[in-house]
$ cat final03.pdb   # PDB, N, CA and C atoms and all ligand atoms
ATOM      1  N   MET A   1       2.904 -13.015 -18.154
ATOM      2  CA  MET A   1       2.484 -12.466 -16.854
ATOM      3  C   MET A   1       1.022 -12.800 -16.610
ATOM      4  N   LYS A   2       0.716 -13.222 -15.389
ATOM      5  CA  LYS A   2      -0.678 -13.574 -15.161
ATOM      6  C   LYS A   2      -1.504 -12.349 -14.796
ATOM      7  N   THR A   3      -2.746 -12.435 -15.155
ATOM      8  CA  THR A   3      -3.650 -11.314 -14.957
ATOM      9  C   THR A   3      -4.011 -11.160 -13.489
ATOM     10  N   ARG A   4      -4.025  -9.941 -13.044
ATOM     11  CA  ARG A   4      -4.471  -9.671 -11.687
ATOM     12  C   ARG A   4      -5.680  -8.745 -11.769
ATOM     13  N   TYR A   5      -6.573  -8.888 -10.813
ATOM     14  CA  TYR A   5      -7.802  -8.104 -10.850
ATOM     15  C   TYR A   5      -7.850  -7.070  -9.737
ATOM     16  N   CYS A   6      -8.456  -5.972 -10.064
ATOM     17  CA  CYS A   6      -8.611  -4.887  -9.102
ATOM     18  C   CYS A   6      -9.453  -5.365  -7.917
ATOM     19  N   GLN A   7      -8.992  -5.057  -6.717
ATOM     20  CA  GLN A   7      -9.741  -5.487  -5.528
ATOM     21  C   GLN A   7     -11.030  -4.712  -5.337
ATOM     22  N   ILE A   8     -11.165  -3.622  -6.033
ATOM     23  CA  ILE A   8     -12.366  -2.811  -5.875
ATOM     24  C   ILE A   8     -13.422  -3.145  -6.924
ATOM     25  N   CYS A   9     -13.055  -3.086  -8.190
ATOM     26  CA  CYS A   9     -14.064  -3.258  -9.245
ATOM     27  C   CYS A   9     -13.967  -4.617  -9.953
ATOM     28  N   LYS A  10     -12.945  -5.404  -9.587
ATOM     29  CA  LYS A  10     -12.767  -6.750 -10.150
ATOM     30  C   LYS A  10     -12.418  -6.791 -11.639
ATOM     31  N   LEU A  11     -12.060  -5.650 -12.174
ATOM     32  CA  LEU A  11     -11.625  -5.624 -13.569
ATOM     33  C   LEU A  11     -10.133  -5.929 -13.636
ATOM     34  N   PRO A  12      -9.681  -6.505 -14.761
ATOM     35  CA  PRO A  12      -8.257  -6.810 -14.884
ATOM     36  C   PRO A  12      -7.413  -5.529 -14.826
ATOM     37  N   ILE A  13      -6.302  -5.618 -14.152
ATOM     38  CA  ILE A  13      -5.393  -4.475 -14.066
ATOM     39  C   ILE A  13      -4.530  -4.451 -15.321
ATOM     40  N   ASP A  14      -4.334  -3.265 -15.877
ATOM     41  CA  ASP A  14      -3.503  -3.110 -17.077
ATOM     42  C   ASP A  14      -2.129  -3.741 -16.893
ATOM     43  N   ALA A  15      -1.714  -4.492 -17.885
ATOM     44  CA  ALA A  15      -0.402  -5.128 -17.837
ATOM     45  C   ALA A  15       0.709  -4.084 -17.706
ATOM     46  N   GLU A  16       0.505  -2.950 -18.369
ATOM     47  CA  GLU A  16       1.508  -1.871 -18.309
ATOM     48  C   GLU A  16       1.641  -1.375 -16.875
ATOM     49  N   ARG A  17       0.511  -1.286 -16.210
ATOM     50  CA  ARG A  17       0.524  -0.803 -14.834
ATOM     51  C   ARG A  17       1.214  -1.811 -13.917
ATOM     52  N   LEU A  18       0.951  -3.084 -14.143
ATOM     53  CA  LEU A  18       1.569  -4.131 -13.327
ATOM     54  C   LEU A  18       3.084  -4.163 -13.503
ATOM     55  N   GLU A  19       3.497  -3.781 -14.703
ATOM     56  CA  GLU A  19       4.932  -3.743 -14.937
ATOM     57  C   GLU A  19       5.596  -2.632 -14.139
ATOM     58  N   VAL A  20       4.898  -1.508 -14.043
ATOM     59  CA  VAL A  20       5.436  -0.357 -13.315
ATOM     60  C   VAL A  20       5.310  -0.538 -11.806
ATOM     61  N   VAL A  21       4.139  -1.019 -11.378
ATOM     62  CA  VAL A  21       3.882  -1.221  -9.945
ATOM     63  C   VAL A  21       3.438  -2.659  -9.701
ATOM     64  N   PRO A  22       4.395  -3.590  -9.647
ATOM     65  CA  PRO A  22       4.035  -5.019  -9.553
ATOM     66  C   PRO A  22       3.220  -5.370  -8.304
ATOM     67  N   GLU A  23       3.323  -4.546  -7.254
ATOM     68  CA  GLU A  23       2.635  -4.867  -5.998
ATOM     69  C   GLU A  23       1.188  -4.405  -5.982
ATOM     70  N   THR A  24       0.779  -3.693  -6.991
ATOM     71  CA  THR A  24      -0.549  -3.074  -6.928
ATOM     72  C   THR A  24      -1.689  -4.091  -6.953
ATOM     73  N   ARG A  25      -2.762  -3.705  -6.316
ATOM     74  CA  ARG A  25      -3.980  -4.523  -6.368
ATOM     75  C   ARG A  25      -5.132  -3.679  -6.882
ATOM     76  N   LEU A  26      -4.777  -2.574  -7.527
ATOM     77  CA  LEU A  26      -5.805  -1.657  -8.007
ATOM     78  C   LEU A  26      -5.618  -1.360  -9.484
ATOM     79  N   CYS A  27      -6.725  -1.199 -10.176
ATOM     80  CA  CYS A  27      -6.673  -0.779 -11.568
ATOM     81  C   CYS A  27      -6.296   0.700 -11.620
ATOM     82  N   THR A  28      -6.051   1.198 -12.801
ATOM     83  CA  THR A  28      -5.612   2.586 -12.954
ATOM     84  C   THR A  28      -6.621   3.557 -12.341
ATOM     85  N   THR A  29      -7.891   3.307 -12.592
ATOM     86  CA  THR A  29      -8.949   4.173 -12.065
ATOM     87  C   THR A  29      -8.911   4.240 -10.539
ATOM     88  N   HIS A  30      -8.847   3.078  -9.907
ATOM     89  CA  HIS A  30      -8.908   3.061  -8.445
ATOM     90  C   HIS A  30      -7.591   3.444  -7.800
ATOM     91  N   ALA A  31      -6.505   3.221  -8.514
ATOM     92  CA  ALA A  31      -5.215   3.700  -8.022
ATOM     93  C   ALA A  31      -5.245   5.220  -7.960
ATOM     94  N   HIS A  32      -5.965   5.805  -8.930
ATOM     95  CA  HIS A  32      -6.110   7.253  -8.940
ATOM     96  C   HIS A  32      -7.042   7.686  -7.801
ATOM     97  N   ASP A  33      -8.148   6.971  -7.651
ATOM     98  CA  ASP A  33      -9.125   7.310  -6.610
ATOM     99  C   ASP A  33      -8.540   7.229  -5.205
ATOM    100  N   ILE A  34      -7.674   6.243  -4.996
ATOM    101  CA  ILE A  34      -7.164   6.026  -3.633
ATOM    102  C   ILE A  34      -6.197   7.125  -3.204
ATOM    103  N   GLN A  35      -5.742   7.906  -4.176
ATOM    104  CA  GLN A  35      -4.836   9.009  -3.830
ATOM    105  C   GLN A  35      -5.474   9.955  -2.805
ATOM    106  N   LYS A  36      -6.776  10.108  -2.879
ATOM    107  CA  LYS A  36      -7.415  11.042  -1.946
ATOM    108  C   LYS A  36      -7.492  10.484  -0.524
ATOM    109  N   TYR A  37      -7.224   9.202  -0.383
ATOM    110  CA  TYR A  37      -7.183   8.614   0.965
ATOM    111  C   TYR A  37      -5.746   8.392   1.432
ATOM    112  N   GLY A  38      -4.830   8.869   0.653
ATOM    113  CA  GLY A  38      -3.424   8.757   1.065
ATOM    114  C   GLY A  38      -2.595   7.819   0.212
ATOM    115  N   GLY A  39      -3.219   7.195  -0.789
ATOM    116  CA  GLY A  39      -2.460   6.337  -1.691
ATOM    117  C   GLY A  39      -2.537   4.868  -1.314
ATOM    118  N   GLU A  40      -2.239   4.021  -2.271
ATOM    119  CA  GLU A  40      -2.319   2.575  -2.043
ATOM    120  C   GLU A  40      -1.231   2.091  -1.088
ATOM    121  N   PHE A  41      -0.100   2.739  -1.155
ATOM    122  CA  PHE A  41       1.013   2.350  -0.295
ATOM    123  C   PHE A  41       1.445   3.528   0.553
ATOM    124  N   LYS A  42       2.004   3.225   1.679
ATOM    125  CA  LYS A  42       2.625   4.309   2.435
ATOM    126  C   LYS A  42       4.031   3.892   2.830
ATOM    127  N   LEU A  43       4.839   4.904   2.952
ATOM    128  CA  LEU A  43       6.232   4.689   3.284
ATOM    129  C   LEU A  43       6.373   4.761   4.799
ATOM    130  N   VAL A  44       6.937   3.738   5.380
ATOM    131  CA  VAL A  44       7.155   3.783   6.824
ATOM    132  C   VAL A  44       8.646   3.754   7.123
ATOM    133  N   ALA A  45       9.012   4.579   8.047
ATOM    134  CA  ALA A  45      10.408   4.600   8.488
ATOM    135  C   ALA A  45      10.484   3.805   9.783
ATOM    136  N   GLU A  46      11.425   2.965   9.872
ATOM    137  CA  GLU A  46      11.535   2.130  11.054
ATOM    138  C   GLU A  46      12.963   2.153  11.576
ATOM    139  N   GLN A  47      13.028   2.395  12.845
ATOM    140  CA  GLN A  47      14.343   2.372  13.475
ATOM    141  C   GLN A  47      14.790   0.908  13.548
ATOM    142  N   GLU A  48      15.961   0.670  13.070
ATOM    143  CA  GLU A  48      16.455  -0.710  13.156
ATOM    144  C   GLU A  48      16.725  -1.053  14.613
ATOM    145  N   ARG A  49      16.206  -2.180  15.002
ATOM    146  CA  ARG A  49      16.329  -2.553  16.409
ATOM    147  C   ARG A  49      17.587  -3.360  16.667
ATOM    148  N   THR A  50      18.410  -2.755  17.483
ATOM    149  CA  THR A  50      19.572  -3.529  17.908
ATOM    150  C   THR A  50      19.424  -3.854  19.386
ATOM    151  N   ASN A  51      18.494  -3.130  20.050
ATOM    152  CA  ASN A  51      18.207  -3.437  21.449
ATOM    153  C   ASN A  51      17.124  -4.495  21.503
ATOM    154  N   LYS A  52      17.066  -5.171  22.613
ATOM    155  CA  LYS A  52      16.006  -6.166  22.723
ATOM    156  C   LYS A  52      14.667  -5.482  22.976
ATOM    157  N   ALA A  53      13.607  -6.115  22.559
ATOM    158  CA  ALA A  53      12.265  -5.548  22.681
ATOM    159  C   ALA A  53      11.971  -5.200  24.132
ATOM    160  N   GLY A  54      11.348  -4.050  24.355
ATOM    161  CA  GLY A  54      10.986  -3.644  25.691
ATOM    162  C   GLY A  54      12.062  -2.816  26.367
ATOM    163  N   SER A  55      13.203  -2.744  25.782
ATOM    164  CA  SER A  55      14.278  -1.928  26.350
ATOM    165  C   SER A  55      13.928  -0.456  26.246
ATOM    166  N   LEU A  56      14.193   0.275  27.301
ATOM    167  CA  LEU A  56      13.898   1.697  27.283
ATOM    168  C   LEU A  56      15.052   2.510  26.702
ATOM    169  N   LYS A  57      16.139   1.864  26.507
ATOM    170  CA  LYS A  57      17.294   2.567  25.964
ATOM    171  C   LYS A  57      17.031   2.987  24.530
ATOM    172  N   ARG A  58      17.364   4.201  24.230
ATOM    173  CA  ARG A  58      17.164   4.671  22.855
ATOM    174  C   ARG A  58      18.295   4.186  21.962
ATOM    175  N   ASN A  59      17.881   3.935  20.774
ATOM    176  CA  ASN A  59      18.851   3.418  19.817
ATOM    177  C   ASN A  59      18.840   4.360  18.622
ATOM    178  N   TYR A  60      19.959   4.935  18.346
ATOM    179  CA  TYR A  60      20.036   5.864  17.227
ATOM    180  C   TYR A  60      20.683   5.217  16.009
ATOM    181  N   GLY A  61      20.393   4.003  15.823
ATOM    182  CA  GLY A  61      20.950   3.260  14.692
ATOM    183  C   GLY A  61      20.301   3.640  13.384
ATOM    184  N   ALA A  62      20.559   2.888  12.389
ATOM    185  CA  ALA A  62      20.054   3.164  11.055
ATOM    186  C   ALA A  62      18.532   3.117  11.011
ATOM    187  N   VAL A  63      17.988   3.936  10.168
ATOM    188  CA  VAL A  63      16.545   3.930   9.944
ATOM    189  C   VAL A  63      16.300   3.275   8.588
ATOM    190  N   SER A  64      15.461   2.291   8.592
ATOM    191  CA  SER A  64      15.138   1.671   7.315
ATOM    192  C   SER A  64      13.724   2.061   6.927
ATOM    193  N   THR A  65      13.491   2.188   5.669
ATOM    194  CA  THR A  65      12.153   2.537   5.216
ATOM    195  C   THR A  65      11.606   1.384   4.382
ATOM    196  N   SER A  66      10.323   1.222   4.460
ATOM    197  CA  SER A  66       9.698   0.212   3.616
ATOM    198  C   SER A  66       8.317   0.675   3.195
ATOM    199  N   MET A  67       7.878   0.137   2.096
ATOM    200  CA  MET A  67       6.551   0.464   1.599
ATOM    201  C   MET A  67       5.594  -0.570   2.165
ATOM    202  N   ILE A  68       4.534  -0.096   2.727
ATOM    203  CA  ILE A  68       3.510  -1.045   3.174
ATOM    204  C   ILE A  68       2.177  -0.681   2.533
ATOM    205  N   ARG A  69       1.333  -1.665   2.454
ATOM    206  CA  ARG A  69       0.018  -1.458   1.893
ATOM    207  C   ARG A  69      -0.788  -0.554   2.825
ATOM    208  N   ASN A  70      -1.469   0.409   2.271
ATOM    209  CA  ASN A  70      -2.252   1.336   3.068
ATOM    210  C   ASN A  70      -3.653   0.744   3.261
ATOM    211  N   GLU A  71      -3.761  -0.128   4.253
ATOM    212  CA  GLU A  71      -5.010  -0.881   4.459
ATOM    213  C   GLU A  71      -6.191   0.030   4.772
ATOM    214  N   GLU A  72      -5.916   1.115   5.490
ATOM    215  CA  GLU A  72      -6.988   2.030   5.840
ATOM    216  C   GLU A  72      -7.558   2.699   4.591
ATOM    217  N   ALA A  73      -6.655   3.109   3.701
ATOM    218  CA  ALA A  73      -7.098   3.739   2.455
ATOM    219  C   ALA A  73      -7.882   2.742   1.610
ATOM    220  N   MET A  74      -7.418   1.484   1.606
ATOM    221  CA  MET A  74      -8.114   0.443   0.850
ATOM    222  C   MET A  74      -9.532   0.261   1.380
ATOM    223  N   ARG A  75      -9.656   0.289   2.703
ATOM    224  CA  ARG A  75     -10.971   0.090   3.301
ATOM    225  C   ARG A  75     -11.903   1.247   2.939
ATOM    226  N   LYS A  76     -11.360   2.459   3.020
ATOM    227  CA  LYS A  76     -12.167   3.629   2.687
ATOM    228  C   LYS A  76     -12.611   3.608   1.228
ATOM    229  N   LEU A  77     -11.688   3.212   0.374
ATOM    230  CA  LEU A  77     -11.994   3.169  -1.046
ATOM    231  C   LEU A  77     -13.062   2.105  -1.317
ATOM    232  N   ARG A  78     -12.931   0.969  -0.635
ATOM    233  CA  ARG A  78     -13.898  -0.112  -0.800
ATOM    234  C   ARG A  78     -15.278   0.330  -0.306
ATOM    235  N   ASP A  79     -15.295   1.021   0.835
ATOM    236  CA  ASP A  79     -16.558   1.550   1.376
ATOM    237  C   ASP A  79     -17.199   2.521   0.396
ATOM    238  N   ALA A  80     -16.383   3.427  -0.126
ATOM    239  CA  ALA A  80     -16.877   4.443  -1.049
ATOM    240  C   ALA A  80     -17.437   3.782  -2.297
ATOM    241  N   HIS A  81     -16.749   2.741  -2.768
ATOM    242  CA  HIS A  81     -17.184   2.041  -3.963
ATOM    243  C   HIS A  81     -18.489   1.295  -3.710
ATOM    244  N   GLY A  82     -18.596   0.705  -2.527
ATOM    245  CA  GLY A  82     -19.791  -0.064  -2.160
ATOM    246  C   GLY A  82     -21.040   0.798  -2.062
ATOM    247  N   ARG A  83     -20.834   2.062  -1.748
ATOM    248  CA  ARG A  83     -21.950   2.983  -1.563
ATOM    249  C   ARG A  83     -22.544   3.459  -2.881
ATOM    250  N   VAL A  84     -21.788   3.347  -3.945
ATOM    251  CA  VAL A  84     -22.253   3.862  -5.241
ATOM    252  C   VAL A  84     -23.416   3.010  -5.766
TER
HETATM  253 ZN    ZN B 101     -10.754  -0.848 -10.117
END

$ encode --input "final03.pdb" --output "structure tokens" --more "lines below"
Ligand SMILES: [Zn+2]
Amino acid sequence: MKTRYCQICKLPIDAERLEVVPETRLCTTHAHDIQKYGGEFKLVAEQERTNKAGSLKRNYGAVSTSMIRNEEAMRKLRDAHGRV
């Protein structure tokens, strides 16, 4: 497995951590720190679109959820780190 570095402190991320959370870009320390900003990832629920875009008709179809990177939390964490 190739080494990945924390986007905040540039230290290598623990291999054990990468195994558990392969998508992470944070070391254990900063993954912990980012919790106060809402976490590295957030879960978004999205209504599956079967209607064409712009349609006002409501669609009560399946809801899919996905994990997305919490860019706002990342920015806050980076700002906080930069200030130290
Ligand atoms: Zn870090």

$ residues_around --input "final03.pdb" --residues "range 7-23 of chain A" --least-positions-apart "6" --cutoff "8 Å" --atoms "only C-alpha atoms" --output "JSON list (two decimals) with N, CA and C atoms, keeping the file's coordinate frame"
[["chain", "number", "residue", "atom", "x", "y", "z"],
["A", 1, "MET", "N", 2.90, -13.02, -18.15],
["A", 1, "MET", "CA", 2.48, -12.47, -16.85],
["A", 1, "MET", "C", 1.02, -12.80, -16.61],
["A", 30, "HIS", "N", -8.85, 3.08, -9.91],
["A", 30, "HIS", "CA", -8.91, 3.06, -8.44],
["A", 30, "HIS", "C", -7.59, 3.44, -7.80],
["A", 77, "LEU", "N", -11.69, 3.21, 0.37],
["A", 77, "LEU", "CA", -11.99, 3.17, -1.05],
["A", 77, "LEU", "C", -13.06, 2.10, -1.32],
["A", 78, "ARG", "N", -12.93, 0.97, -0.64],
["A", 78, "ARG", "CA", -13.90, -0.11, -0.80],
["A", 78, "ARG", "C", -15.28, 0.33, -0.31],
["A", 81, "HIS", "N", -16.75, 2.74, -2.77],
["A", 81, "HIS", "CA", -17.18, 2.04, -3.96],
["A", 81, "HIS", "C", -18.49, 1.30, -3.71]]

$ atom_distance --input "final03.pdb" --atom1 "atom N of Met74 in chain A" --atom2 "CA of Arg4 in chain A"
17.6 Å

$ residues_around --input "final03.pdb" --residues "Ala45 in chain A" --least-positions-apart "5" --cutoff "8 Å" --atoms "only N, CA and C atoms" --output "MDAnalysis selection string"
chainID A and resid 63:67

$ write_last_selection --input "final03.pdb" --atoms "N, CA and C atoms" --output "mmCIF file, in the coordinates of the input"
data_model
loop_
_atom_site.group_PDB
_atom_site.id
_atom_site.type_symbol
_atom_site.label_atom_id
_atom_site.label_comp_id
_atom_site.auth_asym_id
_atom_site.auth_seq_id
_atom_site.Cartn_x
_atom_site.Cartn_y
_atom_site.Cartn_z
ATOM 1 N N VAL A 63 17.988 3.936 10.168
ATOM 2 C CA VAL A 63 16.545 3.930 9.944
ATOM 3 C C VAL A 63 16.300 3.275 8.588
ATOM 4 N N SER A 64 15.461 2.291 8.592
ATOM 5 C CA SER A 64 15.138 1.671 7.315
ATOM 6 C C SER A 64 13.724 2.061 6.927
ATOM 7 N N THR A 65 13.491 2.188 5.669
ATOM 8 C CA THR A 65 12.153 2.537 5.216
ATOM 9 C C THR A 65 11.606 1.384 4.382
ATOM 10 N N SER A 66 10.323 1.222 4.460
ATOM 11 C CA SER A 66 9.698 0.212 3.616
ATOM 12 C C SER A 66 8.317 0.675 3.195
ATOM 13 N N MET A 67 7.878 0.137 2.096
ATOM 14 C CA MET A 67 6.551 0.464 1.599
ATOM 15 C C MET A 67 5.594 -0.570 2.165
#

$ select_by_dssp --input "final03.pdb" --residues "chain A" --states "strand (DSSP E)" --output "list of chain:residue names"
A:Phe41, A:Lys42, A:Leu43, A:Val44, A:Ala45, A:Glu46, A:Gln47, A:Val63, A:Ser64, A:Thr65, A:Ser66, A:Met67, A:Ile68, A:Arg69

$ residues_around --input "final03.pdb" --residues "Glu71 in chain A" --least-positions-apart "4" --cutoff "6.5 Å" --atoms "all atoms listed in the file" --output "list in words"
Glu40, Arg75 and Lys76 of chain A

$ atom_distance --input "final03.pdb" --atom1 "atom N of Arg69 in chain A" --atom2 "CA of Glu46 in chain A"
13.9 Å

$ select_by_dssp --input "final03.pdb" --residues "chain A" --states "alpha helix (DSSP H)" --output "MDAnalysis selection string"
chainID A and resid 15:20 28:33 71:83

$ closest_residue --input "final03.pdb" --among "A:Thr28, A:Ile34, A:Lys2, A:Ala80" --to "ligand ZN 101 (chain B)" --atoms "only N, CA and C atoms and all ligand atoms"
A:Thr28

$ atom_distance --input "final03.pdb" --atom1 "CA of Val44 in chain A" --atom2 "atom N of Ala31 in chain A"
20.5 Å

$ closest_residue --input "final03.pdb" --among "A:Glu72, A:Tyr37, A:Leu26, A:Thr3" --to "ligand ZN 101 (chain B)" --atoms "only N, CA and C atoms and all ligand atoms"
A:Leu26

$ residues_around --input "final03.pdb" --residues "Ile68 in chain A" --least-positions-apart "5" --cutoff "8 Å" --atoms "only C-alpha atoms" --output "list of chain:residue names"
A:Phe41, A:Lys42, A:Leu43, A:Val44

$ closest_residue --input "final03.pdb" --among "A:Ala62, A:Thr24, A:Asp33, A:Cys6" --to "ligand ZN 101 (chain B)" --atoms "all atoms listed in the file"
A:Cys6

$ axis_aligned_box --input "final03.pdb" --around "range 72-81 of chain A" --padding-each-side "3 Å" --output "AutoDock Vina command-line options"
--center_x -12.2 --center_y 2.2 --center_z 0.9 --size_x 18.6 --size_y 10.6 --size_z 15.8
